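Just protein-v6.cif here, mmCIF, C-alpha atoms and all ligand atoms:
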data_target
#
loop_
_atom_site.group_PDB
_atom_site.id
_atom_site.type_symbol
_atom_site.label_atom_id
_atom_site.label_comp_id
_atom_site.auth_asym_id
_atom_site.auth_seq_id
_atom_site.Cartn_x
_atom_site.Cartn_y
_atom_site.Cartn_z
ATOM 1 C CA MET A 1 -47.837 82.269 -68.473
ATOM 2 C CA THR A 2 -48.169 78.808 -67.032
ATOM 3 C CA PHE A 3 -48.212 75.574 -68.984
ATOM 4 C CA TYR A 4 -50.840 74.097 -66.654
ATOM 5 C CA ALA A 5 -53.646 76.131 -65.185
ATOM 6 C CA ARG A 6 -53.153 74.190 -61.941
ATOM 7 C CA HIS A 7 -50.384 71.828 -60.953
ATOM 8 C CA LEU A 8 -50.795 69.469 -57.999
ATOM 9 C CA PHE A 9 -47.825 67.860 -56.287
ATOM 10 C CA PHE A 10 -48.444 64.981 -53.896
ATOM 11 C CA CYS A 11 -45.639 63.904 -51.609
ATOM 12 C CA THR A 12 -45.451 60.124 -51.843
ATOM 13 C CA ASN A 13 -42.279 59.649 -49.845
ATOM 14 C CA ARG A 14 -42.128 56.485 -47.763
ATOM 15 C CA ARG A 15 -40.123 55.911 -44.615
ATOM 16 C CA ALA A 16 -39.926 52.841 -42.461
ATOM 17 C CA GLU A 17 -42.723 52.591 -39.918
ATOM 18 C CA ASP A 18 -40.174 53.005 -37.122
ATOM 19 C CA ALA A 19 -38.374 56.007 -38.682
ATOM 20 C CA ASP A 20 -37.810 59.201 -36.704
ATOM 21 C CA ARG A 21 -40.254 61.107 -38.877
ATOM 22 C CA PRO A 22 -43.600 60.084 -40.360
ATOM 23 C CA SER A 23 -44.075 59.890 -44.105
ATOM 24 C CA CYS A 24 -46.938 60.668 -46.442
ATOM 25 C CA GLU A 25 -46.875 57.304 -48.167
ATOM 26 C CA ASN A 26 -47.645 55.631 -44.868
ATOM 27 C CA CYS A 27 -50.906 57.623 -44.942
ATOM 28 C CA GLY A 28 -51.906 56.300 -48.370
ATOM 29 C CA ALA A 29 -50.464 59.144 -50.472
ATOM 30 C CA SER A 30 -49.845 57.157 -53.686
ATOM 31 C CA ARG A 31 -53.279 55.589 -53.658
ATOM 32 C CA LEU A 32 -54.940 58.965 -53.073
ATOM 33 C CA ARG A 33 -52.749 60.710 -55.655
ATOM 34 C CA ALA A 34 -53.864 58.085 -58.190
ATOM 35 C CA TYR A 35 -57.465 58.786 -57.206
ATOM 36 C CA ALA A 36 -57.005 62.531 -57.821
ATOM 37 C CA LYS A 37 -55.265 61.906 -61.144
ATOM 38 C CA THR A 38 -58.093 59.659 -62.295
ATOM 39 C CA ARG A 39 -60.725 62.209 -61.234
ATOM 40 C CA ILE A 40 -58.964 64.992 -63.152
ATOM 41 C CA LYS A 41 -58.899 62.787 -66.259
ATOM 42 C CA GLU A 42 -62.558 61.816 -65.812
ATOM 43 C CA LEU A 43 -63.434 65.493 -65.595
ATOM 44 C CA GLY A 44 -61.617 66.155 -68.887
ATOM 45 C CA MET A 45 -59.199 68.564 -67.241
ATOM 46 C CA ALA A 46 -55.878 66.764 -67.712
ATOM 47 C CA GLY A 47 -53.128 68.166 -69.885
ATOM 48 C CA ALA A 48 -51.676 71.405 -71.186
ATOM 49 C CA GLY A 49 -53.784 74.396 -70.305
ATOM 50 C CA GLY A 50 -55.571 72.245 -67.737
ATOM 51 C CA VAL A 51 -54.442 70.343 -64.703
ATOM 52 C CA ARG A 52 -51.470 68.116 -63.974
ATOM 53 C CA VAL A 53 -51.204 65.778 -60.988
ATOM 54 C CA ASN A 54 -47.634 64.791 -60.122
ATOM 55 C CA THR A 55 -45.793 62.732 -57.588
ATOM 56 C CA ALA A 56 -43.266 64.562 -55.449
ATOM 57 C CA GLY A 57 -40.615 63.400 -53.075
ATOM 58 C CA CYS A 58 -40.517 64.600 -49.499
ATOM 59 C CA LEU A 59 -41.690 68.207 -49.215
ATOM 60 C CA ASP A 60 -40.265 68.429 -45.671
ATOM 61 C CA ARG A 61 -43.590 68.957 -43.963
ATOM 62 C CA CYS A 62 -43.771 65.334 -42.914
ATOM 63 C CA GLU A 63 -45.307 65.874 -39.485
ATOM 64 C CA GLU A 64 -48.228 67.749 -41.091
ATOM 65 C CA GLY A 65 -48.925 65.270 -43.855
ATOM 66 C CA PRO A 66 -49.941 63.735 -45.991
ATOM 67 C CA CYS A 67 -49.064 66.854 -48.001
ATOM 68 C CA LEU A 68 -50.227 68.215 -51.300
ATOM 69 C CA VAL A 69 -49.399 71.608 -52.810
ATOM 70 C CA VAL A 70 -51.375 73.322 -55.548
ATOM 71 C CA TYR A 71 -49.724 75.807 -57.912
ATOM 72 C CA PRO A 72 -49.745 78.513 -59.108
ATOM 73 C CA GLU A 73 -51.315 79.638 -55.835
ATOM 74 C CA ALA A 74 -48.844 77.583 -53.740
ATOM 75 C CA VAL A 75 -51.596 76.438 -51.410
ATOM 76 C CA TRP A 76 -50.510 73.648 -49.080
ATOM 77 C CA TYR A 77 -53.032 71.049 -48.034
ATOM 78 C CA THR A 78 -53.337 67.967 -45.989
ATOM 79 C CA TYR A 79 -56.048 65.404 -46.674
ATOM 80 C CA VAL A 80 -57.395 62.197 -45.241
ATOM 81 C CA ASP A 81 -59.478 60.548 -47.914
ATOM 82 C CA GLU A 82 -61.167 60.762 -51.302
ATOM 83 C CA GLU A 83 -63.801 63.158 -49.958
ATOM 84 C CA ASP A 84 -61.118 65.689 -49.039
ATOM 85 C CA LEU A 85 -59.605 65.410 -52.510
ATOM 86 C CA ASP A 86 -63.021 65.754 -54.147
ATOM 87 C CA GLU A 87 -63.515 68.977 -52.196
ATOM 88 C CA ILE A 88 -60.097 70.340 -53.231
ATOM 89 C CA ILE A 89 -60.766 69.445 -56.862
ATOM 90 C CA GLU A 90 -64.280 70.875 -56.925
ATOM 91 C CA SER A 91 -63.656 74.012 -54.913
ATOM 92 C CA HIS A 92 -60.041 74.960 -55.629
ATOM 93 C CA VAL A 93 -59.008 73.285 -58.873
ATOM 94 C CA ILE A 94 -62.260 73.872 -60.746
ATOM 95 C CA ASN A 95 -63.686 76.977 -59.082
ATOM 96 C CA GLY A 96 -60.576 78.726 -57.749
ATOM 97 C CA ARG A 97 -61.754 78.723 -54.133
ATOM 98 C CA PRO A 98 -59.114 77.195 -51.845
ATOM 99 C CA VAL A 99 -60.402 74.905 -49.098
ATOM 100 C CA LYS A 100 -59.321 76.601 -45.881
ATOM 101 C CA ARG A 101 -60.279 73.749 -43.578
ATOM 102 C CA LEU A 102 -57.559 71.598 -45.186
ATOM 103 C CA PHE A 103 -54.779 74.218 -45.242
ATOM 104 C CA LEU A 104 -51.466 73.422 -43.649
ATOM 105 C CA PRO A 105 -50.373 76.155 -41.244
ATOM 106 C CA GLU A 106 -48.223 78.880 -42.761
ATOM 107 C CA PRO A 107 -44.742 78.718 -41.224
ATOM 108 C CA PRO A 108 -43.936 82.149 -39.742
ATOM 109 C CA GLU A 109 -40.458 82.293 -41.271
ATOM 110 C CA THR A 110 -41.841 82.224 -44.816
ATOM 111 C CA VAL A 111 -43.803 85.408 -44.185
ATOM 112 C CA ALA A 112 -40.617 87.408 -43.659
ATOM 113 C CA ARG A 113 -38.639 85.778 -46.449
ATOM 114 C CA VAL A 114 -38.214 87.807 -49.617
ATOM 115 C CA ILE A 115 -37.357 86.205 -52.926
ATOM 116 C CA PRO A 116 -35.873 88.685 -55.402
ATOM 117 C CA ALA A 117 -37.691 89.083 -58.672
ATOM 118 C CA PRO A 118 -35.992 87.534 -61.712
ATOM 119 C CA VAL A 119 -33.525 89.826 -63.453
ATOM 120 C CA ASP A 120 -34.578 90.904 -66.925
ATOM 121 C CA GLU A 121 -31.526 90.247 -69.098
ATOM 122 C CA GLY A 122 -32.991 92.239 -71.930
ATOM 123 C CA GLY A 123 -32.824 90.855 -75.350
HETATM 124 S S1 LIG B 201 -42.717 62.533 -46.234
HETATM 125 FE FE1 LIG B 201 -44.221 63.841 -47.126
HETATM 126 S S2 LIG B 201 -43.527 65.830 -46.650
HETATM 127 FE FE2 LIG B 201 -41.969 64.524 -45.935
#
Encoded form using structure tokens:
Amino acid sequence: MTFYARHLFFCTNRRAEDADRPSCENCGASRLRAYAKTRIKELGMAGAGGVRVNTAGCLDRCEEGPCLVVYPEAVWYTYVDEEDLDEIIESHVINGRPVKRLFLPEPPETVARVIPAPVDEGG
């Protein structure tokens, strides 16, 4: 059971322009996160049982950003502008159809990684 039907995390980390790695904030992440949050509210989808849009720190995919991840599906996206976010909201968030053209590549090492299921402590 999830508290939100969909939960969006936008990396808004900022690094100096001359840093070794790029950062999502230098691509307008906070402004575009605010846009998405406003759209979700306008659509009447914000809140428990609906959709939550949150700020995240660095998600360590800096070179592929700006980054956004949508749960519970754990779909990683990049985006450029409001049109990309409108498409993610309309297709994925509302209709459950992820937007493949905006997917970040799946790192090969995550395919082989196995996370054990939680242990049922009984009760
Ligand atoms: S700065 Fe956004 S993923 Fe690292």
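Of note, CA of Ile40 (chain A) and CA of Glu106 (chain A) are spaced 26.9 Å apart.
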Within-12 Å residues of ligand LIG 201 (chain B), basis all atoms listed in the file, as a tab-separated table (two decimals) with C-alpha atoms, keeping the file's coordinate frame:
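Output file part32.tsv follows:
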chain	number	residue	atom	x	y	z
A	9	PHE	CA	-47.82	67.86	-56.29
A	10	PHE	CA	-48.44	64.98	-53.90
A	11	CYS	CA	-45.64	63.90	-51.61
A	12	THR	CA	-45.45	60.12	-51.84
A	13	ASN	CA	-42.28	59.65	-49.84
A	14	ARG	CA	-42.13	56.48	-47.76
A	15	ARG	CA	-40.12	55.91	-44.62
A	16	ALA	CA	-39.93	52.84	-42.46
A	17	GLU	CA	-42.72	52.59	-39.92
A	19	ALA	CA	-38.37	56.01	-38.68
A	20	ASP	CA	-37.81	59.20	-36.70
A	21	ARG	CA	-40.25	61.11	-38.88
A	22	PRO	CA	-43.60	60.08	-40.36
A	23	SER	CA	-44.08	59.89	-44.10
A	24	CYS	CA	-46.94	60.67	-46.44
A	25	GLU	CA	-46.88	57.30	-48.17
A	26	ASN	CA	-47.64	55.63	-44.87
A	27	CYS	CA	-50.91	57.62	-44.94
A	28	GLY	CA	-51.91	56.30	-48.37
A	29	ALA	CA	-50.46	59.14	-50.47
A	30	SER	CA	-49.84	57.16	-53.69
A	55	THR	CA	-45.79	62.73	-57.59
A	56	ALA	CA	-43.27	64.56	-55.45
A	57	GLY	CA	-40.62	63.40	-53.08
A	58	CYS	CA	-40.52	64.60	-49.50
A	59	LEU	CA	-41.69	68.21	-49.22
A	60	ASP	CA	-40.26	68.43	-45.67
A	61	ARG	CA	-43.59	68.96	-43.96
A	62	CYS	CA	-43.77	65.33	-42.91
A	63	GLU	CA	-45.31	65.87	-39.48
A	64	GLU	CA	-48.23	67.75	-41.09
A	65	GLY	CA	-48.92	65.27	-43.86
A	66	PRO	CA	-49.94	63.74	-45.99
A	67	CYS	CA	-49.06	66.85	-48.00
A	68	LEU	CA	-50.23	68.22	-51.30
A	69	VAL	CA	-49.40	71.61	-52.81
A	76	TRP	CA	-50.51	73.65	-49.08
A	77	TYR	CA	-53.03	71.05	-48.03
A	78	THR	CA	-53.34	67.97	-45.99
A	79	TYR	CA	-56.05	65.40	-46.67
A	104	LEU	CA	-51.47	73.42	-43.65
- [ ] Could you tell me which of A:Ile89, A:Val119, A:Val80, A:Leu102 comes closest to Glu42 (chain A) if we count only C-alpha atoms?
- [x] A:Ile89
Task: Straight-line distance linking CA of Leu8 (chain A) with CA of Ala36 (chain A), stated in Å to one decimal - done: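 That distance, rounded to one decimal, is 9.3 Å.
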- [ ] Tell me, as a PyMOL selection string, which residues lie within 7 Å of Gly50 (chain A), counting only C-alpha atoms; anything in the same chain fewer than 2 positions away does not count.
- [x] chain A and resi 4-6+45-48+52
